[in-house]
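Visitor: Structure file start_1.cif (mmCIF, C-alpha atoms) is given on the next line.
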```
data_query
#
loop_
_atom_site.label_atom_id
_atom_site.label_comp_id
_atom_site.auth_asym_id
_atom_site.auth_seq_id
_atom_site.Cartn_x
_atom_site.Cartn_y
_atom_site.Cartn_z
CA MET A 1 -84.51 107.29 56.92
CA ASP A 2 -81.26 105.59 57.90
CA TYR A 3 -77.77 106.60 59.06
CA LYS A 4 -76.34 106.66 55.53
CA LYS A 5 -79.05 109.03 54.30
CA SER A 6 -78.29 111.33 57.22
CA GLY A 7 -74.71 111.61 55.96
CA VAL A 8 -72.76 108.91 57.83
CA ASP A 9 -71.65 105.89 55.80
CA ILE A 10 -70.80 103.04 58.18
CA GLU A 11 -69.78 100.76 55.31
CA ALA A 12 -67.24 103.35 54.16
CA GLY A 13 -65.83 103.30 57.66
CA TYR A 14 -65.39 99.53 57.51
CA LYS A 15 -63.65 99.84 54.15
CA SER A 16 -61.31 102.54 55.50
CA VAL A 17 -60.21 100.24 58.30
CA GLU A 18 -59.51 97.39 55.88
CA LEU A 19 -57.49 99.66 53.57
CA MET A 20 -55.37 101.11 56.39
CA LYS A 21 -54.49 97.78 58.02
CA GLU A 22 -51.52 97.17 55.71
CA HIS A 23 -50.00 100.51 56.75
CA VAL A 24 -50.64 99.97 60.44
CA LYS A 25 -48.90 96.58 60.39
CA LYS A 26 -45.61 98.28 59.48
CA THR A 27 -45.60 100.14 62.81
CA MET A 28 -46.04 97.18 65.14
CA ARG A 29 -43.72 96.63 68.12
CA PRO A 30 -43.43 93.41 70.13
CA GLU A 31 -45.25 95.09 73.03
CA VAL A 32 -48.47 95.58 71.06
CA LEU A 33 -51.18 93.10 72.08
CA GLY A 34 -54.05 92.21 69.79
CA GLY A 35 -54.67 93.86 66.45
CA LEU A 36 -56.40 96.82 64.87
CA GLY A 37 -60.13 96.99 65.48
CA GLY A 38 -60.43 96.43 69.21
CA PHE A 39 -62.10 98.88 71.55
CA ALA A 40 -58.74 99.88 73.03
CA GLY A 41 -55.12 99.62 71.98
CA ALA A 42 -53.18 97.31 74.29
CA PHE A 43 -49.47 97.77 74.98
CA ASP A 44 -47.37 95.55 77.26
CA LEU A 45 -45.32 97.65 79.71
CA SER A 46 -43.22 94.80 81.13
CA LYS A 47 -39.99 96.27 79.74
CA ILE A 48 -40.26 99.47 81.72
CA LYS A 49 -39.69 97.41 84.89
CA GLU A 50 -36.02 97.51 83.89
CA MET A 51 -36.01 101.27 84.57
CA GLU A 52 -35.27 102.59 88.04
CA GLU A 53 -38.09 105.13 88.03
CA PRO A 54 -40.13 104.94 84.82
CA VAL A 55 -42.01 108.11 83.93
CA LEU A 56 -44.74 108.19 81.29
CA LEU A 57 -44.71 111.13 78.89
CA SER A 58 -47.58 112.18 76.65
CA GLY A 59 -48.18 114.65 73.87
CA THR A 60 -51.08 115.65 71.68
CA ASP A 61 -51.19 117.96 68.67
CA GLY A 62 -52.45 118.43 65.15
CA CYS A 63 -51.23 119.86 61.86
CA GLY A 64 -52.98 123.22 62.13
CA THR A 65 -54.07 124.86 58.91
CA LYS A 66 -51.39 123.00 56.94
CA VAL A 67 -54.21 120.60 56.09
CA LYS A 68 -55.59 123.31 53.77
CA LEU A 69 -52.49 122.83 51.65
CA ALA A 70 -53.20 119.10 51.39
CA PHE A 71 -56.78 119.84 50.26
CA VAL A 72 -55.72 122.19 47.46
CA MET A 73 -52.83 120.00 46.28
CA ASP A 74 -54.93 116.84 46.72
CA LYS A 75 -51.88 115.29 48.37
CA HIS A 76 -52.69 113.42 51.56
CA ASP A 77 -49.84 110.93 52.05
CA THR A 78 -47.50 113.11 54.16
CA ILE A 79 -49.76 115.19 56.40
CA GLY A 80 -49.92 112.24 58.80
CA ILE A 81 -46.14 112.45 59.28
CA ASP A 82 -46.67 116.01 60.51
CA ALA A 83 -49.26 114.90 63.06
CA VAL A 84 -46.96 112.24 64.47
CA ALA A 85 -43.90 114.50 64.44
CA MET A 86 -45.56 117.23 66.47
CA CYS A 87 -46.30 114.74 69.25
CA VAL A 88 -43.25 112.48 69.29
CA ASN A 89 -40.77 115.36 68.98
CA ASP A 90 -42.18 116.81 72.20
CA ILE A 91 -41.71 113.46 73.94
CA ALA A 92 -38.15 113.14 72.62
CA CYS A 93 -37.52 116.70 73.77
CA SER A 94 -38.01 115.50 77.36
CA GLY A 95 -35.60 112.60 76.85
CA GLY A 96 -38.30 110.01 76.27
CA GLU A 97 -38.89 107.16 73.85
CA PRO A 98 -42.27 107.25 72.07
CA LEU A 99 -44.12 103.98 72.59
CA PHE A 100 -47.42 104.30 70.77
CA PHE A 101 -49.63 106.72 68.88
CA LEU A 102 -53.34 107.15 68.15
CA ASP A 103 -54.83 109.36 65.47
CA TYR A 104 -58.13 111.20 65.13
CA ILE A 105 -59.50 112.20 61.73
CA ALA A 106 -62.64 114.33 61.50
CA CYS A 107 -64.02 114.59 57.97
CA GLY A 108 -67.03 115.91 56.12
CA LYS A 109 -67.39 112.64 54.23
CA ASN A 110 -65.50 109.37 54.57
CA PHE A 111 -63.77 108.61 51.28
CA PRO A 112 -62.06 105.30 52.22
CA GLU A 113 -59.13 105.62 49.83
CA LYS A 114 -58.37 109.17 51.00
CA ILE A 115 -58.60 108.18 54.67
CA ALA A 116 -56.28 105.22 54.07
CA THR A 117 -53.80 107.52 52.33
CA ILE A 118 -53.84 109.90 55.30
CA VAL A 119 -53.24 106.97 57.66
CA SER A 120 -50.36 105.78 55.47
CA GLY A 121 -48.62 109.04 56.38
CA VAL A 122 -49.42 108.53 60.06
CA ALA A 123 -47.93 105.04 59.82
CA GLU A 124 -44.80 106.40 58.15
CA GLY A 125 -44.37 108.93 60.96
CA CYS A 126 -44.75 106.13 63.49
CA ARG A 127 -42.22 104.03 61.61
CA GLN A 128 -39.70 106.89 61.62
CA SER A 129 -40.15 107.38 65.36
CA GLU A 130 -40.39 103.65 66.16
CA ALA A 131 -43.80 104.15 67.79
CA ALA A 132 -46.65 101.71 67.27
CA LEU A 133 -49.91 102.93 65.74
CA VAL A 134 -52.27 101.15 68.13
CA GLY A 135 -55.58 102.76 67.22
CA GLY A 136 -57.49 105.76 66.01
CA GLU A 137 -60.84 107.20 65.05
CA THR A 138 -62.34 108.47 61.83
CA ALA A 139 -65.45 110.57 62.46
CA GLU A 140 -67.79 111.78 59.73
CA HIS A 141 -69.28 115.21 60.43
CA PRO A 142 -71.88 115.81 57.71
CA GLY A 143 -73.27 119.32 57.79
CA LEU A 144 -70.48 120.45 60.12
CA MET A 145 -67.59 120.20 57.65
CA PRO A 146 -67.50 120.40 53.83
CA GLU A 147 -67.36 116.95 52.24
CA ASN A 148 -63.76 117.22 51.03
CA ASP A 149 -62.35 118.74 54.22
CA TYR A 150 -60.83 116.97 57.19
CA ASP A 151 -58.81 117.70 60.31
CA LEU A 152 -56.12 115.46 61.72
CA ALA A 153 -54.78 115.25 65.25
CA GLY A 154 -52.99 112.68 67.34
CA PHE A 155 -51.86 111.56 70.76
CA ALA A 156 -48.61 109.85 71.74
CA VAL A 157 -47.36 108.15 74.88
CA GLY A 158 -43.69 107.61 75.70
CA VAL A 159 -41.50 106.64 78.61
CA VAL A 160 -38.25 107.80 80.20
CA ASP A 161 -36.29 106.81 83.27
CA LYS A 162 -36.61 109.72 85.69
CA LYS A 163 -32.83 110.13 85.87
CA ASP A 164 -32.78 110.69 82.10
CA LEU A 165 -35.47 113.40 82.02
CA ILE A 166 -34.29 116.50 80.18
CA THR A 167 -35.40 119.37 82.41
CA GLY A 168 -32.99 122.23 81.71
CA GLU A 169 -32.45 122.77 85.43
CA ASN A 170 -28.66 122.28 85.18
CA ILE A 171 -28.09 124.65 82.26
CA LYS A 172 -25.48 127.23 83.18
CA PRO A 173 -23.52 130.10 81.57
CA GLY A 174 -20.95 128.77 79.13
CA ASP A 175 -23.08 125.90 77.89
CA MET A 176 -23.24 125.48 74.12
CA LEU A 177 -26.39 125.56 72.00
CA ILE A 178 -26.62 123.10 69.11
CA GLY A 179 -29.20 123.66 66.40
CA ILE A 180 -30.64 120.74 64.42
CA ALA A 181 -31.91 121.59 60.96
CA SER A 182 -35.62 121.56 60.15
CA SER A 183 -37.04 120.18 56.90
CA GLY A 184 -38.88 123.42 56.16
CA VAL A 185 -41.83 125.27 57.67
CA HIS A 186 -42.95 122.09 59.49
CA SER A 187 -46.51 122.53 60.85
CA ASN A 188 -46.52 125.99 62.41
CA GLY A 189 -47.26 129.45 61.14
CA PHE A 190 -49.47 128.35 58.27
CA SER A 191 -52.13 130.94 59.03
CA LEU A 192 -49.46 133.55 58.26
CA VAL A 193 -48.24 131.54 55.25
CA ARG A 194 -51.79 131.52 53.87
CA SER A 195 -51.95 135.29 54.30
CA VAL A 196 -48.80 135.70 52.20
CA PHE A 197 -49.55 133.15 49.47
CA GLU A 198 -52.91 132.26 47.98
CA MET A 199 -53.82 128.65 48.60
CA THR A 200 -54.77 127.96 44.97
CA GLU A 201 -53.49 125.37 42.51
CA GLU A 202 -51.96 128.12 40.38
CA SER A 203 -50.10 129.67 43.31
CA LEU A 204 -48.90 126.37 44.75
CA ASN A 205 -47.79 125.04 41.36
CA THR A 206 -45.62 128.12 40.77
CA TYR A 207 -41.95 127.18 40.43
CA TYR A 208 -39.40 129.37 42.23
CA ASP A 209 -35.75 129.20 41.20
CA GLU A 210 -34.60 130.03 44.72
CA LEU A 211 -36.57 127.05 46.08
CA GLY A 212 -35.59 124.67 43.33
CA LYS A 213 -39.16 123.38 43.39
CA THR A 214 -42.75 124.59 43.39
CA LEU A 215 -44.14 126.57 46.29
CA GLY A 216 -46.49 123.74 47.16
CA GLU A 217 -43.68 121.17 47.24
CA ALA A 218 -41.65 123.37 49.58
CA LEU A 219 -44.54 124.07 51.95
CA ILE A 220 -45.94 120.56 52.21
CA GLU A 221 -42.55 119.01 53.09
CA PRO A 222 -43.33 116.98 56.24
CA THR A 223 -42.03 117.88 59.67
CA ARG A 224 -38.65 116.36 60.54
CA ILE A 225 -38.81 113.70 63.27
CA TYR A 226 -35.90 113.95 65.72
CA VAL A 227 -36.45 110.82 67.82
CA LYS A 228 -33.59 108.77 66.32
CA GLY A 229 -31.20 111.72 66.36
CA LEU A 230 -31.74 112.44 70.05
CA LYS A 231 -31.50 108.73 70.86
CA ALA A 232 -28.14 108.62 69.05
CA VAL A 233 -26.87 111.52 71.16
CA LYS A 234 -27.92 109.72 74.34
CA ASN A 235 -26.30 106.47 73.16
CA ALA A 236 -23.07 108.42 72.55
CA GLY A 237 -22.93 108.97 76.29
CA VAL A 238 -23.84 112.65 76.17
CA THR A 239 -26.10 114.29 78.73
CA ILE A 240 -28.42 116.75 77.01
CA LYS A 241 -28.93 119.52 79.56
CA GLY A 242 -31.85 121.16 77.81
CA CYS A 243 -33.89 120.66 74.67
CA SER A 244 -36.33 122.91 72.86
CA HIS A 245 -38.66 121.87 70.04
CA ILE A 246 -39.06 124.93 67.81
CA THR A 247 -42.77 124.97 67.02
CA GLY A 248 -45.38 127.75 67.14
CA GLY A 249 -43.82 130.83 68.69
CA GLY A 250 -40.48 130.22 67.00
CA PHE A 251 -37.23 131.00 68.78
CA TYR A 252 -38.56 133.63 71.16
CA GLU A 253 -41.23 131.49 72.81
CA ASN A 254 -39.74 128.01 72.69
CA ILE A 255 -36.06 128.36 73.60
CA PRO A 256 -36.77 130.05 76.97
CA ARG A 257 -38.98 127.09 77.91
CA MET A 258 -35.85 125.00 78.51
CA LEU A 259 -33.93 127.67 80.43
CA PRO A 260 -33.74 128.10 84.22
CA ASP A 261 -33.94 131.57 85.71
CA GLY A 262 -30.81 133.68 85.51
CA VAL A 263 -29.57 132.67 82.08
CA LYS A 264 -30.41 133.57 78.50
CA ALA A 265 -29.69 132.09 75.09
CA VAL A 266 -27.56 134.09 72.67
CA ILE A 267 -28.20 132.90 69.11
CA ASN A 268 -25.84 133.62 66.22
CA LYS A 269 -28.09 134.20 63.19
CA ASN A 270 -25.12 133.64 60.87
CA ALA A 271 -24.32 130.21 62.28
CA TYR A 272 -26.28 128.56 59.47
CA GLU A 273 -27.97 129.41 56.18
CA VAL A 274 -31.65 130.26 56.63
CA PRO A 275 -33.59 128.12 54.10
CA ALA A 276 -34.92 129.88 51.00
CA ILE A 277 -38.58 129.30 51.88
CA PHE A 278 -38.27 131.60 54.91
CA LYS A 279 -36.50 134.29 52.91
CA LEU A 280 -39.26 134.09 50.31
CA LEU A 281 -41.95 134.35 52.98
CA ALA A 282 -40.30 137.40 54.56
CA ASP A 283 -39.86 139.09 51.18
CA LYS A 284 -43.30 138.41 49.69
CA GLY A 285 -45.12 139.12 52.95
CA ASP A 286 -42.98 142.07 54.04
CA ILE A 287 -42.60 140.32 57.41
CA ALA A 288 -40.22 141.86 59.92
CA GLU A 289 -37.29 139.75 61.15
CA GLN A 290 -38.59 139.74 64.72
CA MET A 291 -41.93 138.35 63.55
CA MET A 292 -40.23 135.70 61.43
CA TYR A 293 -38.23 134.38 64.40
CA ASN A 294 -41.31 134.69 66.60
CA THR A 295 -43.48 132.60 64.25
CA PHE A 296 -41.35 130.13 62.30
CA ASN A 297 -38.52 127.71 63.04
CA MET A 298 -36.31 129.56 60.51
CA GLY A 299 -34.55 126.32 59.56
CA ILE A 300 -33.87 125.03 63.09
CA GLY A 301 -36.29 122.40 64.38
CA MET A 302 -34.62 121.54 67.66
CA VAL A 303 -32.13 123.29 69.96
CA LEU A 304 -29.96 121.42 72.47
CA ALA A 305 -28.03 122.81 75.41
CA ILE A 306 -24.87 120.81 76.10
CA ASP A 307 -21.48 120.99 77.75
CA PRO A 308 -19.04 122.45 75.15
CA ALA A 309 -16.76 119.43 75.64
CA ASP A 310 -19.47 117.23 74.10
CA LYS A 311 -19.79 119.22 70.86
CA ASP A 312 -18.02 116.78 68.53
CA LYS A 313 -19.83 113.75 69.98
CA VAL A 314 -23.20 115.44 69.58
CA ILE A 315 -22.69 116.60 66.00
CA SER A 316 -21.26 113.21 64.98
CA ALA A 317 -24.18 111.36 66.58
CA LEU A 318 -26.73 113.57 64.84
CA GLU A 319 -25.01 113.20 61.48
CA SER A 320 -25.15 109.41 61.89
CA THR A 321 -28.96 109.61 61.72
CA GLY A 322 -29.00 112.00 58.75
CA ASP A 323 -29.55 115.15 60.80
CA LYS A 324 -27.67 118.36 60.07
CA ALA A 325 -26.41 120.24 63.11
CA CYS A 326 -24.47 123.39 63.88
CA VAL A 327 -23.17 125.37 66.84
CA LEU A 328 -26.00 127.86 67.16
CA GLY A 329 -24.92 129.95 70.14
CA GLU A 330 -24.28 129.88 73.86
CA VAL A 331 -25.86 130.35 77.24
CA VAL A 332 -24.90 133.47 79.22
CA SER A 333 -25.96 135.10 82.47
CA GLY A 334 -28.95 137.41 82.26
CA GLU A 335 -32.71 137.60 82.32
CA LYS A 336 -34.31 134.47 80.91
CA GLY A 337 -34.93 134.97 77.20
CA VAL A 338 -33.37 134.92 73.74
CA GLU A 339 -31.00 137.37 72.11
CA LEU A 340 -30.27 137.15 68.38
CA VAL A 341 -26.94 138.57 67.25
#
```
Turn the structure described in the file into structure tokens.
Guide:
Amino acid sequence: MDYKKSGVDIEAGYKSVELMKEHVKKTMRPEVLGGLGGFAGAFDLSKIKEMEEPVLLSGTDGCGTKVKLAFVMDKHDTIGIDAVAMCVNDIACSGGEPLFFLDYIACGKNFPEKIATIVSGVAEGCRQSEAALVGGETAEHPGLMPENDYDLAGFAVGVVDKKDLITGENIKPGDMLIGIASSGVHSNGFSLVRSVFEMTEESLNTYYDELGKTLGEALIEPTRIYVKGLKAVKNAGVTIKGCSHITGGGFYENIPRMLPDGVKAVINKNAYEVPAIFKLLADKGDIAEQMMYNTFNMGIGMVLAIDPADKDKVISALESTGDKACVLGEVVSGEKGVELV
């Protein structure tokens, strides 16, 4: 008996690392010390000495049951973008710059080419957010997971000068809410999605005129990364008073997280066109509007609270990075919460 016969192929692990190295190289920053394969990822923090009061930010997350979609479609090159996005968007939401990322892949069996493809997506997410991929782990779990299944999660670390932290504490009545468009369903609500649509090749390959693509293509669209957009707003000299990343819990759970007591967000549902995928989900699943806005991002991946005088600067800065933005609503006096009108 040996380790391979028990279900863990060490040689496959070595091959996975060799195959992923080319993708990891594309994410390197000058601060990264050493290369892939060490026991720990090393990152030089000398630059943060330039900050008055540097604060480290961290975030960890996964892709949820969206990975099931990747299994059925046998498409594994974008799910890594989702894993990175869920972490770095949270860091950016606090005003921080992501510095580095580590991934964790648990699989039933290590197929080196598949693992390298997954990591290529992780590397692309890191490239988009300008974070270095400094390490990771691929763990085979024979007998615990089916051979073709895997789960993917990650962990990011960022930094912000304390004076630039976005806390929401100065939000007041009259402030404007800016919505930044999502790329689709992102990585939340897929348990409900899978209850509405069968996760089969036939179902996912079905073309819908209203989507302009197949169901699978619409659902697997990777999560939008907002790091560059928020950095552009900051570089435009705008102070973002509050920021909410619209993830699980939709509008109703996430927007209040940036609000101080005594104010509420009033959202104009007609301020933008809700993407077709959400309309299709609501129709096919007979999902009530309240549940839709309480589960999905409904086409808005990030909400900013700003001074109304900064509106043009903010929208122009976001458009410069390819983001679409709109005036989504306003802040008014009242019990902390969200009102859709």
Visitor: Enumerate, as a PDB file with C-alpha atoms, in the frame of the given file, the residues matched when the PyMOL selection byres ((chain A and resi 252-261) around 7) is run on the file above.
Guide:
```pdb
ATOM      1  CA  THR A 167     -35.400 119.370  82.410  1.00  0.00           C
ATOM      2  CA  GLY A 168     -32.990 122.230  81.710  1.00  0.00           C
ATOM      3  CA  GLU A 169     -32.450 122.770  85.430  1.00  0.00           C
ATOM      4  CA  ILE A 171     -28.090 124.650  82.260  1.00  0.00           C
ATOM      5  CA  GLY A 242     -31.850 121.160  77.810  1.00  0.00           C
ATOM      6  CA  CYS A 243     -33.890 120.660  74.670  1.00  0.00           C
ATOM      7  CA  SER A 244     -36.330 122.910  72.860  1.00  0.00           C
ATOM      8  CA  HIS A 245     -38.660 121.870  70.040  1.00  0.00           C
ATOM      9  CA  ILE A 246     -39.060 124.930  67.810  1.00  0.00           C
ATOM     10  CA  GLY A 249     -43.820 130.830  68.690  1.00  0.00           C
ATOM     11  CA  GLY A 250     -40.480 130.220  67.000  1.00  0.00           C
ATOM     12  CA  PHE A 251     -37.230 131.000  68.780  1.00  0.00           C
ATOM     13  CA  GLY A 262     -30.810 133.680  85.510  1.00  0.00           C
ATOM     14  CA  VAL A 263     -29.570 132.670  82.080  1.00  0.00           C
ATOM     15  CA  TYR A 293     -38.230 134.380  64.400  1.00  0.00           C
ATOM     16  CA  ASN A 294     -41.310 134.690  66.600  1.00  0.00           C
ATOM     17  CA  LYS A 336     -34.310 134.470  80.910  1.00  0.00           C
ATOM     18  CA  GLY A 337     -34.930 134.970  77.200  1.00  0.00           C
ATOM     19  CA  VAL A 338     -33.370 134.920  73.740  1.00  0.00           C
TER      20      VAL A 338
END
```
Visitor: Can you measure CA of Met86 (chain A) to CA of Pro146 (chain A) for me? One decimal in Å is fine.
Guide: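 Value for the CA of Met86 (chain A)-CA of Pro146 (chain A) distance: 25.5 Å.
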Visitor: Do you know which residues the PyMOL selection byres ((chain A and resi 95-111) around 8) returns on this file, as a ChimeraX atom specification?
Guide: /A:7-9,12-13,16,57,84,88,91-94,112-115,122,126,129-161,164-166,227,230
Visitor: For Ile315 (chain A), which of A:Ile180, A:Ala282, A:Met291, A:Ala70 is the closest residue, counting all atoms listed in the file?
Guide: A:Ile180
Visitor: Near Phe197 (chain A), within 9 Å and counting all atoms listed in the file, which residues show up once chain neighbours fewer than 6 positions away are dropped, as an MDAnalysis selection string?
Guide: chainID A and resid 203:204 281 284:285
Visitor: Suppose you want the space between CA of Glu52 (chain A) and CA of Ile306 (chain A); what is it in Å?
Guide: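 If I compute the distance from CA of Glu52 (chain A) to CA of Ile306 (chain A), I get 24.1 Å.
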Visitor: Interatomic distance between CA of Glu289 (chain A) and CA of Lys269 (chain A)?
Guide: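 These two atoms are separated by 10.9 Å.
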Visitor: Please evaluate the PyMOL selection byres ((chain A and resi 43) around 8) against the structure above and give the resulting residues as a list in words.
Guide: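 Output of the PyMOL selection byres ((chain A and resi 43) around 8): Glu31, Val32, Leu33, Gly41, Ala42, Asp44 and Leu45 of chain A.
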Visitor: Could you check which of A:Ser58, A:Thr27, A:Thr65, A:Thr78 is closest to Leu192 (chain A), using only C-alpha atoms?
Guide: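 Of A:Ser58, A:Thr27, A:Thr65, A:Thr78, the one nearest Leu192 (chain A), counting only C-alpha atoms, is A:Thr65.
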Visitor: Restricting the calculation to only C-alpha atoms, which member of A:Met51, A:Val24, A:Leu177, A:Met199 is positioned closest to Pro308 (chain A)?
Guide: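 Going through A:Met51, A:Val24, A:Leu177, A:Met199 one by one, the smallest distance to Pro308 (chain A) is for A:Leu177.
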Visitor: From (-27.9, 132.5, 64.6), in the file's coordinates, out to 9 Å: which residues are reached, counting all atoms listed in the file? Answer as a PyMOL selection string.
Guide: chain A and resi 266-273+327-329+340-341
Visitor: Would you please work out which residue, of A:Gly125, A:Gly184, A:Gly212, A:Gly237, is nearest to Phe278 (chain A) when using only C-alpha atoms?
Guide: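 Counting only C-alpha atoms, the residue closest to Phe278 (chain A) is A:Gly184.
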Visitor: Between A:Glu124, A:Glu202, A:Asp74, A:Glu339, which one has atoms that come closest to Pro222 (chain A), using only C-alpha atoms?
Guide: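 Of all the options, A:Glu124 lies closest to Pro222 (chain A).
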Visitor: Give me the residues near Phe190 (chain A) as a list in words, where near means some atom within 8 Å (using all atoms listed in the file) and where sequence neighbours in that chain fewer than 2 positions away do not count.
Guide: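 Contacts, with the query itself left out: Gly64, Thr65, Lys66, Ser187, Asn188, Leu192, Val193 and Arg194 of chain A.
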Visitor: Show me, as AutoDock Vina command-line options, the centre and edge lengths in Å to one decimal of the axis-aligned box that covers every listed atom of region 336-339 of chain A with 8 Å on each side.
Guide:
```
--center_x -33.0 --center_y 135.9 --center_z 76.5 --size_x 19.9 --size_y 18.9 --size_z 24.8
```
Visitor: Find, counting all atoms listed in the file, the residue in A:Cys63, A:Ile178, A:Val196, A:Ala305 that gets nearest to Gly248 (chain A).
Guide: A:Cys63
